[in-house]
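Dumped run-v2.csv below, it's CSV, C-alpha atoms:
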```csv
chain,number,residue,atom,x,y,z
N,1,MET,CA,67.8,296.7,80.3
N,2,ASP,CA,69.3,300.1,81.1
N,3,LYS,CA,72.4,298.8,82.8
N,4,PRO,CA,74.2,297.1,79.9
N,5,LYS,CA,73.5,300.2,77.7
N,6,ASN,CA,75.1,302.4,80.3
N,7,THR,CA,78.1,300.2,80.5
N,8,LEU,CA,78.5,300.2,76.8
N,9,THR,CA,78.2,303.9,76.2
N,10,SER,CA,79.7,305.2,79.5
N,11,GLY,CA,83.0,306.0,77.8
N,12,LEU,CA,81.4,308.8,75.8
N,13,LEU,CA,80.2,310.9,78.8
N,14,ALA,CA,80.0,309.4,82.2
N,15,ASP,CA,83.5,307.8,82.1
N,16,ASN,CA,85.1,310.0,79.5
N,17,THR,CA,88.8,309.1,78.9
N,18,VAL,CA,90.0,312.7,79.3
N,19,LEU,CA,87.5,314.6,81.5
N,20,SER,CA,86.6,311.8,84.0
N,21,ALA,CA,89.5,309.4,83.9
N,22,CYS,CA,92.2,312.0,83.5
N,23,MET,CA,94.0,309.9,80.8
N,24,VAL,CA,95.8,310.9,77.6
N,25,ILE,CA,95.8,314.6,78.6
N,26,SER,CA,99.3,315.5,77.3
N,27,PRO,CA,98.4,315.4,73.6
N,28,VAL,CA,95.1,317.4,74.3
N,29,ILE,CA,97.1,320.1,76.2
N,30,MET,CA,100.0,320.3,73.8
N,31,CYS,CA,98.5,319.6,70.4
N,32,GLY,CA,94.8,320.5,70.8
N,33,ASP,CA,95.3,324.1,69.7
N,34,THR,CA,94.0,323.7,66.1
N,35,LEU,CA,91.3,321.6,64.4
N,36,GLN,CA,93.9,320.2,62.0
N,37,ASN,CA,96.0,318.9,64.9
N,38,ALA,CA,92.8,317.5,66.4
N,39,PHE,CA,91.9,315.6,63.3
N,40,ALA,CA,95.4,314.1,63.1
N,41,LEU,CA,95.4,313.0,66.7
N,42,ILE,CA,91.8,311.6,66.4
N,43,TYR,CA,93.0,309.5,63.5
N,44,ALA,CA,96.1,308.3,65.4
N,45,PHE,CA,94.3,307.7,68.7
N,46,SER,CA,91.3,305.9,67.2
N,47,ALA,CA,93.3,303.6,64.9
N,48,ILE,CA,96.0,302.7,67.4
N,49,THR,CA,93.7,302.3,70.4
N,50,PHE,CA,91.1,300.2,68.6
N,51,LEU,CA,93.5,297.9,66.9
N,52,SER,CA,95.8,297.5,69.9
N,53,VAL,CA,93.1,296.7,72.4
N,54,MET,CA,91.4,294.3,70.1
N,55,LEU,CA,94.7,292.5,69.4
N,56,SER,CA,95.7,292.6,73.1
N,57,SER,CA,92.4,290.8,74.0
N,58,PHE,CA,94.0,287.6,72.5
N,59,VAL,CA,96.9,287.7,75.0
N,60,PRO,CA,96.5,284.7,77.4
N,61,ARG,CA,95.4,285.8,80.9
N,62,SER,CA,97.4,283.1,82.4
N,63,LEU,CA,100.6,285.1,81.8
N,64,PRO,CA,102.0,287.2,84.7
N,65,TYR,CA,100.6,290.8,85.0
N,66,THR,CA,104.0,292.4,84.1
N,67,VAL,CA,104.5,290.3,81.0
N,68,ARG,CA,100.9,291.1,79.8
N,69,ILE,CA,101.5,294.8,80.3
N,70,ILE,CA,104.7,294.6,78.3
N,71,ILE,CA,103.0,292.6,75.5
N,72,TYR,CA,100.2,295.2,75.3
N,73,ALA,CA,102.7,298.0,75.0
N,74,VAL,CA,104.7,296.1,72.3
N,75,ILE,CA,101.5,295.4,70.3
N,76,ALA,CA,100.6,299.1,70.5
N,77,SER,CA,104.1,300.1,69.4
N,78,ALA,CA,103.9,297.6,66.4
N,79,VAL,CA,100.4,298.9,65.4
N,80,TYR,CA,101.8,302.5,65.5
N,81,ILE,CA,104.2,301.7,62.6
N,82,PRO,CA,101.6,301.2,59.8
N,83,VAL,CA,99.3,303.9,61.3
N,84,LYS,CA,102.2,306.4,61.1
N,85,LEU,CA,103.1,305.2,57.6
N,86,LEU,CA,99.5,305.8,56.5
N,87,ALA,CA,99.5,309.2,58.1
N,88,GLN,CA,102.7,310.1,56.3
N,89,GLU,CA,100.8,309.2,53.1
N,90,PHE,CA,97.6,311.2,53.8
N,91,TYR,CA,98.6,313.9,56.4
N,92,PRO,CA,102.3,314.4,55.9
N,93,GLU,CA,102.3,317.8,57.7
N,94,SER,CA,100.5,316.5,60.7
N,95,ILE,CA,103.3,314.2,61.8
N,96,GLU,CA,105.7,317.1,62.1
N,97,ARG,CA,103.2,319.3,63.9
N,98,ILE,CA,102.4,316.7,66.5
N,99,GLY,CA,106.0,315.6,66.9
N,100,ILE,CA,106.7,313.4,69.9
N,101,TYR,CA,103.1,313.2,70.9
N,102,TYR,CA,102.4,310.9,68.0
N,103,PRO,CA,104.3,307.9,69.4
N,104,LEU,CA,103.2,308.7,72.9
N,105,ILE,CA,99.6,307.9,71.9
N,106,ALA,CA,100.7,304.3,71.5
N,107,VAL,CA,101.6,304.0,75.2
N,108,ASN,CA,98.5,305.7,76.5
N,109,SER,CA,97.1,304.4,79.8
N,110,LEU,CA,93.8,303.3,78.1
N,111,ILE,CA,95.8,300.7,76.2
N,112,VAL,CA,98.5,299.7,78.6
N,113,HIS,CA,96.9,299.8,82.1
N,114,GLN,CA,93.1,300.2,81.7
N,115,THR,CA,92.4,297.5,79.2
N,116,GLU,CA,92.2,294.8,81.9
N,117,VAL,CA,90.0,296.9,84.2
N,118,ARG,CA,87.6,298.2,81.6
N,119,PHE,CA,87.5,295.9,78.6
N,120,PHE,CA,88.8,292.4,79.1
N,121,ARG,CA,86.1,291.5,81.5
N,122,MET,CA,83.5,291.9,78.8
N,123,LYS,CA,82.6,289.6,75.9
N,124,ARG,CA,84.6,290.5,72.7
N,125,LEU,CA,81.6,292.1,70.9
N,126,ASN,CA,80.6,294.2,73.9
N,127,MET,CA,84.2,295.1,74.4
N,128,ALA,CA,84.5,296.4,70.8
N,129,GLY,CA,81.3,298.5,71.3
N,130,SER,CA,82.4,299.9,74.6
N,131,LEU,CA,85.9,300.6,73.2
N,132,ILE,CA,84.4,302.6,70.3
N,133,PHE,CA,82.5,304.8,72.8
N,134,TYR,CA,85.6,305.4,74.8
N,135,ILE,CA,87.4,306.4,71.6
N,136,LEU,CA,84.5,308.6,70.6
N,137,GLY,CA,84.7,310.3,74.0
N,138,PHE,CA,88.3,311.2,73.5
N,139,ASP,CA,87.6,312.3,69.9
N,140,ALA,CA,84.8,314.6,71.1
N,141,VAL,CA,87.0,316.3,73.7
N,142,MET,CA,89.8,316.7,71.2
N,143,LEU,CA,87.4,318.2,68.6
N,144,ILE,CA,85.9,320.7,71.0
N,145,THR,CA,89.3,321.6,72.4
N,146,GLY,CA,90.8,322.1,69.0
N,147,PHE,CA,87.8,324.2,67.8
N,148,VAL,CA,87.6,326.5,70.8
N,149,ARG,CA,91.4,327.0,71.2
N,150,GLU,CA,91.9,327.7,67.5
N,151,LEU,CA,89.0,330.1,67.3
N,152,LEU,CA,90.1,332.1,70.5
N,153,ALA,CA,93.8,331.9,70.0
N,154,TYR,CA,94.2,332.4,66.2
N,155,GLY,CA,90.8,333.6,65.2
N,156,THR,CA,90.4,330.8,62.6
N,157,ILE,CA,88.3,327.8,62.1
N,158,ASN,CA,90.2,324.9,60.5
N,159,GLY,CA,92.6,327.4,59.0
N,160,SER,CA,89.9,329.8,57.6
N,161,MET,CA,89.6,333.3,59.1
N,162,ALA,CA,86.7,333.8,61.4
N,163,ASP,CA,85.3,337.3,62.3
N,164,MET,CA,86.7,337.6,65.9
N,165,ASP,CA,86.9,340.9,67.7
N,166,PHE,CA,89.5,339.7,70.3
N,167,LEU,CA,92.1,337.0,70.5
N,168,ILE,CA,93.6,335.2,73.5
N,169,SER,CA,96.9,334.1,72.1
N,170,GLY,CA,97.9,332.4,75.4
N,171,LEU,CA,95.4,329.6,74.6
N,172,SER,CA,97.8,328.3,71.9
N,173,LYS,CA,100.5,327.8,74.5
N,174,PRO,CA,100.9,324.8,76.9
N,175,PHE,CA,99.8,326.9,79.9
N,176,GLY,CA,96.6,327.9,77.9
N,177,GLY,CA,96.1,324.2,77.3
N,178,PHE,CA,96.3,323.4,81.0
N,179,ILE,CA,93.9,326.2,82.0
N,180,PHE,CA,91.4,325.5,79.2
N,181,LEU,CA,91.3,321.7,80.0
N,182,GLY,CA,90.8,322.5,83.7
N,183,LEU,CA,87.9,324.8,83.0
N,184,PHE,CA,86.4,322.4,80.4
N,185,CYS,CA,86.6,319.6,82.9
N,186,GLY,CA,85.0,321.8,85.6
N,187,ILE,CA,82.1,322.8,83.3
N,188,TYR,CA,81.6,319.2,82.2
N,189,ARG,CA,81.3,318.1,85.8
N,190,LYS,CA,78.9,321.0,86.6
N,191,ILE,CA,76.6,320.1,83.7
N,192,ARG,CA,76.8,316.4,84.6
N,193,SER,CA,75.9,316.9,88.2
N,194,ALA,CA,73.0,319.3,87.2
N,195,ALA,CA,71.7,316.6,84.8
N,196,VAL,CA,71.9,313.9,87.4
N,197,ARG,CA,70.1,316.2,90.0
N,198,GLN,CA,67.4,317.0,87.4
N,199,LYS,CA,66.9,313.3,86.6
N,200,ASN,CA,66.7,312.4,90.3
N,201,GLU,CA,64.1,315.2,91.0
N,202,ALA,CA,62.0,314.0,88.0
N,203,GLY,CA,62.2,310.5,89.4
N,204,SER,CA,61.2,311.5,92.9
N,205,GLU,CA,58.3,313.6,91.5
N,206,ALA,CA,57.0,310.6,89.5
N,207,ASN,CA,57.1,308.5,92.7
N,208,VAL,CA,54.9,310.9,94.7
N,209,PRO,CA,51.5,309.3,95.3
N,210,ASP,CA,48.4,311.3,94.3
H,1,MET,CA,123.2,332.8,92.7
H,2,PHE,CA,124.4,329.7,91.0
H,3,LEU,CA,121.7,327.7,92.8
H,4,ILE,CA,119.0,330.1,91.7
H,5,ASN,CA,120.2,329.9,88.1
H,6,ASP,CA,120.3,326.1,88.3
H,7,ILE,CA,116.7,326.0,89.7
H,8,ILE,CA,115.5,328.4,86.9
H,9,ALA,CA,117.3,326.2,84.3
H,10,LEU,CA,115.6,323.1,85.7
H,11,LEU,CA,112.2,324.8,85.7
H,12,VAL,CA,112.6,326.0,82.2
H,13,SER,CA,113.5,322.6,80.9
H,14,ASN,CA,110.8,320.9,83.1
H,15,LEU,CA,109.0,318.4,80.9
H,16,ILE,CA,105.8,318.5,82.9
H,17,LEU,CA,105.4,322.3,83.1
H,18,THR,CA,106.6,323.0,79.5
H,19,GLN,CA,105.4,319.9,77.7
H,20,ALA,CA,102.7,318.4,79.9
H,21,LEU,CA,104.5,315.0,79.9
H,22,GLY,CA,103.4,312.7,82.7
H,23,THR,CA,100.7,315.0,84.1
H,24,SER,CA,98.4,312.1,85.1
H,25,THR,CA,101.2,310.4,87.0
H,26,LEU,CA,102.0,313.7,88.7
H,27,PHE,CA,98.5,313.8,90.1
H,28,ILE,CA,99.0,310.4,91.7
H,29,ALA,CA,102.5,311.3,93.0
H,30,ALA,CA,101.4,314.6,94.6
H,31,GLY,CA,98.7,312.8,96.7
H,32,SER,CA,101.0,312.0,99.7
H,33,ARG,CA,104.7,312.2,100.7
H,34,LYS,CA,105.0,308.4,100.4
H,35,LYS,CA,103.5,308.4,96.9
H,36,LEU,CA,105.7,311.3,95.9
H,37,ILE,CA,108.9,309.7,97.0
H,38,GLY,CA,108.0,306.3,95.6
H,39,THR,CA,106.8,307.5,92.2
H,40,ALA,CA,109.5,310.2,91.7
H,41,ALA,CA,112.3,307.7,92.6
H,42,VAL,CA,111.1,305.1,90.2
H,43,ILE,CA,110.4,307.7,87.4
H,44,THR,CA,114.0,309.0,87.8
H,45,VAL,CA,115.4,305.5,87.6
H,46,PHE,CA,113.4,304.8,84.4
H,47,THR,CA,114.2,308.1,82.7
H,48,THR,CA,118.0,307.8,83.5
H,49,SER,CA,118.4,304.1,82.7
H,50,GLY,CA,115.9,304.4,79.8
H,51,SER,CA,117.9,307.3,78.3
H,52,ALA,CA,121.1,305.2,78.3
H,53,ALA,CA,119.1,302.5,76.4
H,54,ALA,CA,117.8,305.1,74.1
H,55,TYR,CA,121.3,306.2,73.2
H,56,PHE,CA,122.3,302.7,72.1
H,57,ILE,CA,119.0,302.3,70.2
H,58,ASN,CA,119.4,305.6,68.4
H,59,SER,CA,123.0,304.8,67.5
H,60,LEU,CA,121.9,301.4,66.2
H,61,LEU,CA,118.8,302.5,64.2
H,62,GLY,CA,120.0,305.8,62.8
H,63,SER,CA,117.5,308.0,61.0
H,64,ARG,CA,116.8,305.3,58.3
H,65,TYR,CA,114.8,303.1,60.6
H,66,SER,CA,113.4,305.8,62.9
H,67,ASP,CA,109.9,304.3,62.6
H,68,LEU,CA,111.0,301.4,64.7
H,69,THR,CA,112.3,303.7,67.5
H,70,LEU,CA,109.1,303.4,69.6
H,71,LEU,CA,109.1,299.6,69.3
H,72,PHE,CA,112.7,299.4,70.5
H,73,TYR,CA,112.1,301.9,73.3
H,74,THR,CA,109.1,299.9,74.4
H,75,ILE,CA,111.1,296.7,74.5
H,76,ALA,CA,114.0,298.4,76.4
H,77,ILE,CA,111.5,299.9,79.0
H,78,GLY,CA,110.0,296.4,79.2
H,79,ILE,CA,113.4,294.9,80.1
H,80,LEU,CA,114.1,297.6,82.6
H,81,TYR,CA,110.6,297.1,84.1
H,82,VAL,CA,111.2,293.3,84.6
H,83,GLY,CA,114.8,294.0,85.8
H,84,LEU,CA,113.7,296.6,88.4
H,85,LEU,CA,110.9,294.3,89.8
H,86,THR,CA,113.3,291.4,90.0
H,87,LEU,CA,116.0,293.5,91.7
H,88,LEU,CA,113.6,294.8,94.2
H,89,TYR,CA,112.2,291.3,94.9
H,90,TYR,CA,115.7,290.0,95.7
H,91,ILE,CA,116.7,293.0,97.7
H,92,SER,CA,113.7,292.9,100.0
H,93,ARG,CA,110.4,291.1,99.8
H,94,ASN,CA,108.9,293.7,102.1
H,95,ALA,CA,110.1,296.6,99.9
H,96,PHE,CA,108.8,294.7,96.8
H,97,GLU,CA,105.3,294.4,98.3
H,98,LYS,CA,105.4,298.1,99.3
H,99,TYR,CA,106.9,299.7,96.1
H,100,ARG,CA,106.0,297.5,93.2
H,101,LYS,CA,102.9,299.5,92.5
H,102,TYR,CA,105.1,302.6,91.7
H,103,ILE,CA,107.0,300.5,89.2
H,104,HIS,CA,103.8,299.4,87.5
H,105,VAL,CA,102.5,303.0,87.3
H,106,SER,CA,105.8,304.4,86.1
H,107,ALA,CA,107.1,302.0,83.5
H,108,TYR,CA,104.9,302.9,80.6
H,109,ASN,CA,103.7,306.5,80.8
H,110,CYS,CA,104.3,309.8,79.0
H,111,ALA,CA,106.8,311.0,81.6
H,112,VAL,CA,109.3,308.2,80.7
H,113,MET,CA,108.6,307.7,77.0
H,114,GLY,CA,108.2,311.5,76.4
H,115,THR,CA,111.6,312.0,78.0
H,116,LEU,CA,113.3,309.5,75.7
H,117,PHE,CA,111.7,311.1,72.6
H,118,THR,CA,112.6,314.6,73.8
H,119,ILE,CA,116.2,313.6,74.3
H,120,GLU,CA,116.3,312.0,70.9
H,121,GLN,CA,114.8,315.1,69.3
H,122,ASN,CA,117.4,317.4,71.0
H,123,ALA,CA,120.2,315.0,70.0
H,124,SER,CA,119.0,315.1,66.4
H,125,LEU,CA,119.3,318.9,66.4
H,126,SER,CA,122.8,319.1,67.9
H,127,ALA,CA,125.6,316.6,67.5
H,128,GLU,CA,127.0,317.6,70.9
H,129,ALA,CA,123.9,316.2,72.6
H,130,PHE,CA,124.4,312.8,70.9
H,131,THR,CA,126.7,311.3,73.6
H,132,LEU,CA,125.9,308.8,76.3
H,133,LYS,CA,126.8,311.3,79.0
H,134,SER,CA,124.4,313.9,77.6
H,135,TYR,CA,121.6,311.3,77.3
H,136,LEU,CA,122.2,310.2,80.9
H,137,LEU,CA,122.3,313.7,82.2
H,138,SER,CA,119.1,314.7,80.3
H,139,GLY,CA,117.3,311.6,81.6
H,140,PHE,CA,118.4,312.3,85.2
H,141,GLU,CA,117.4,316.0,84.8
H,142,ALA,CA,113.9,315.0,83.6
H,143,GLY,CA,113.5,312.8,86.7
H,144,ILE,CA,114.5,315.7,88.9
H,145,GLY,CA,112.1,317.9,87.0
H,146,PHE,CA,109.4,315.5,87.8
H,147,VAL,CA,110.3,315.8,91.5
H,148,ILE,CA,110.2,319.6,91.4
H,149,ALA,CA,106.8,319.6,89.6
H,150,ALA,CA,105.4,317.0,92.1
H,151,LEU,CA,106.6,319.2,95.0
H,152,ILE,CA,105.0,322.3,93.5
H,153,LEU,CA,101.7,320.4,93.1
H,154,ALA,CA,102.0,318.7,96.5
H,155,ALA,CA,102.3,322.2,98.2
H,156,ALA,CA,98.8,323.1,97.1
H,157,PHE,CA,97.3,319.6,96.8
H,158,GLY,CA,95.3,319.8,100.1
H,159,LYS,CA,93.9,323.2,99.2
H,160,LEU,CA,93.0,322.2,95.7
H,161,ASN,CA,91.1,319.2,97.0
H,162,SER,CA,89.5,320.9,100.0
H,163,SER,CA,85.8,321.6,100.5
H,164,LYS,CA,86.4,325.3,100.0
H,165,VAL,CA,86.8,324.7,96.2
H,166,PRO,CA,83.4,324.3,94.4
H,167,SER,CA,82.7,320.6,94.0
H,168,SER,CA,82.7,320.7,90.2
H,169,PHE,CA,86.3,322.2,90.2
H,170,ARG,CA,87.6,320.3,93.1
H,171,GLY,CA,90.6,317.9,92.5
H,172,PHE,CA,91.6,317.3,88.9
H,173,PRO,CA,90.2,320.5,87.2
H,174,ALA,CA,91.6,322.8,90.0
H,175,MET,CA,95.0,321.0,89.7
H,176,LEU,CA,95.1,321.5,86.0
H,177,VAL,CA,94.3,325.3,86.3
H,178,TYR,CA,97.0,325.5,89.1
H,179,LEU,CA,99.6,323.7,86.9
H,180,GLY,CA,98.5,326.1,84.0
H,181,ILE,CA,99.4,329.1,86.2
H,182,ILE,CA,102.7,327.6,87.3
H,183,SER,CA,103.4,326.7,83.6
H,184,MET,CA,102.6,330.4,82.6
H,185,ALA,CA,105.2,331.6,85.2
H,186,VAL,CA,107.8,329.1,83.9
H,187,TYR,CA,107.0,330.2,80.3
H,188,SER,CA,107.8,333.8,81.2
H,189,LEU,CA,111.3,332.7,82.4
H,190,ARG,CA,112.3,331.3,79.0
```
As a first step, turn the structure in this file into structure tokens.
Amino acid sequence: MDKPKNTLTSGLLADNTVLSACMVISPVIMCGDTLQNAFALIYAFSAITFLSVMLSSFVPRSLPYTVRIIIYAVIASAVYIPVKLLAQEFYPESIERIGIYYPLIAVNSLIVHQTEVRFFRMKRLNMAGSLIFYILGFDAVMLITGFVRELLAYGTINGSMADMDFLISGLSKPFGGFIFLGLFCGIYRKIRSAAVRQKNEAGSEANVPD
Amino acid sequence: MFLINDIIALLVSNLILTQALGTSTLFIAAGSRKKLIGTAAVITVFTTSGSAAAYFINSLLGSRYSDLTLLFYTIAIGILYVGLLTLLYYISRNAFEKYRKYIHVSAYNCAVMGTLFTIEQNASLSAEAFTLKSYLLSGFEAGIGFVIAALILAAAFGKLNSSKVPSSFRGFPAMLVYLGIISMAVYSLR
């Protein structure tokens, strides 16, 4: 019973889009310096990825690989239009702040290249569930990155002043994004391996005969 | 002296080190000399020919239909993608089998799409940049920038993936921190 559950939720931690699979990292590095940017990117990524992958799952598998990839990218680019128009209605300032990274979300590897490997081998309901966890995995990384970088770089939390004694302004810059994401990824791996080791030790202790 | 100035100019306008475009593809390219040459060549072809297509799309759409830009860019890259695969297939079946994976990896990624949008953004700020020549040059420059960033990463790739690096930071995290330090150096040149 454990195996399907792991497969469904693995996108959240074990196979996280950003930290494990090294995908969609440009928007996290460049735009993940404030919570406001993080919210705007979360909205765009979640809406575009979910709708695009679900619609792409109806593309016949009998078509050649290259044609399928182009169709997935075209579907994502078409989904991007209403998502952007809605964002202009609700978060008009976010579009300007995020700039070119907004359209780039539509051609992310999760939609274009990884759909066939990760999602299209599942039944549609399972695929939708798994996809939601992959999206949540990205959202969590984006939120944590936006929160920490905004706090340390600007001394604010979602635009409100926080009582910070020191600031690291470099964290708001692209190089700060690279270094922060590298450290975040290393810490995530360390915690994961410690958790796995602890789980294995607990398992082996339980198997020791009296 | 001119060469040094040119190298500094290329570094400062490097889309990977200044805008993190195509970082994931860079990690693939830096793995070996063969991958570096294959990926960098295909990326340069896509950014250069894609920027020419972008020029015509931007001229056609104007600012009124800018929401459709991504859709048209995607279709244009799709045509180039099929065209490049077909061309390679007819030139040499052996080369097709060897190099088609680089075309698949390079067609739709942030390095190519990001280049097209950056060129469009620069052209919207300055009328002088809105020429076919300027688009082509910027696209080619972006491809060369990718090669430079890949060479910089390839120089340290072995060490960043060696057993001397703590296992949690080995590979991807160490490469990100390394690129961050290089990016910081490039930032100071601006």
Review point. Looking at N:Leu125, N:Leu183, N:Ala202, N:Leu63, which one is nearest to H:Ser168, with distances taken over only C-alpha atoms?
Key: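 Nearest candidate to H:Ser168 out of N:Leu125, N:Leu183, N:Ala202, N:Leu63: N:Leu183.
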**Study point:** Nearest to H:Glu141 by atom-to-atom distance, counting all atoms listed in the file, from H:Thr47, H:Asp67, H:Ser24, H:Ala53
**Key:**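 The closest residue to H:Glu141 is H:Thr47.
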**Study point:** Close residues, N:Ala76 itself excluded, 8 Å, all atoms listed in the file, min 5 positions apart in chain, as a PyMOL selection string
**Key:** chain N and resi 48-49+52+106-107+111
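Closest approach to N:Leu19 among N:Thr115, N:Thr145, N:Asn37, N:Ser57 is made by N:Thr145 (distances from only C-alpha atoms).
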**Study point:** Sphere at (88.9, 319.6, 68.4), radius 8 Å, counting only C-alpha atoms: residues as an NGL selection string
**Key:** :N and (32-35 or 37-39 or 139-148)
Practice item. Skip H:Ile16 itself and residues of its chain fewer than 4 positions away, then list as a PyMOL selection string all residues within 7 Å of it, counting all atoms listed in the file. Key: chain H and resi 20-23+146+149
Exercise for review: Report as a PyMOL selection string the set of chain N residues whose atoms approach chain H to within 6 Å, with distances computed over only C-alpha atoms.
Suggested key: chain N and resi 26+70+77+175+178-179+182+185-186+189-190
Point to revise | Atom pair atom CA of H:Lys133 / atom CA of H:Asn58: separation (Å) | key: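 Going from atom CA of H:Lys133 over to atom CA of H:Asn58, I get 14.1 Å.
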**Study point:** Atom pair atom CA of H:Ala156 / atom CA of H:Ala30: separation (Å)
**Key:**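 Between atom CA of H:Ala156 and atom CA of H:Ala30 the gap is 9.2 Å.
Taking only C-alpha atoms into account, N:Tyr91 lies nearest to N:Ala44 out of the set N:Pro103, N:Val79, N:Ala44, N:Ser109.
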Point to revise | Nearby residues (only C-alpha atoms) at most 12 Å from H:Ile37, same-chain spacing under 6 positions excluded, as a list in words | key: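 Final neighbour list, sorted by chain and number: Leu26, Ile28, Ala29, Ala30, Gly31, Ile43, Thr44, Tyr99, Tyr102, Gly143, Ile144, Phe146, Val147, Ile148, Ala150, Leu151 and Ala154 of chain H.
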Exercise for review: Please measure the separation of atom CA of N:His113 and atom CA of N:Ser56, giving the value in Å to one decimal.
Suggested key: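 Distance reported for this atom pair: 11.6 Å.
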Review point. Leaving out H:Ser124 and any residue of its chain fewer than 6 positions from it, which residues lie within 12 Å of it when counting all atoms listed in the file, given as a list in words?
Key: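 Residues near the query, excluding close chain neighbours: Tyr55, Asn58, Ser59, Gly62, Ser63, Ser66, Phe117, Thr118, Phe130, Thr131 and Tyr135 of chain H.
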Taking C-alpha atoms for each residue, export the selection above as a tab-separated table (two decimals), in the coordinates of the input.
```tsv
chain	number	residue	atom	x	y	z
H	55	TYR	CA	121.30	306.20	73.20
H	58	ASN	CA	119.40	305.60	68.40
H	59	SER	CA	123.00	304.80	67.50
H	62	GLY	CA	120.00	305.80	62.80
H	63	SER	CA	117.50	308.00	61.00
H	66	SER	CA	113.40	305.80	62.90
H	117	PHE	CA	111.70	311.10	72.60
H	118	THR	CA	112.60	314.60	73.80
H	130	PHE	CA	124.40	312.80	70.90
H	131	THR	CA	126.70	311.30	73.60
H	135	TYR	CA	121.60	311.30	77.30
```
Review point. Can you tell me, as a count of residues only, which residues sit within 12 Å of (104.6, 319.6, 64.0) in the file's frame, using all atoms listed in the file?
Key: 21
Practice item. Counting all atoms listed in the file, figure out which residue out of N:Leu85, N:Ile191, N:Ala162, N:Ala128 gets nearest to N:Leu51. Key: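 Smallest separation from N:Leu51 among the options: N:Ala128.
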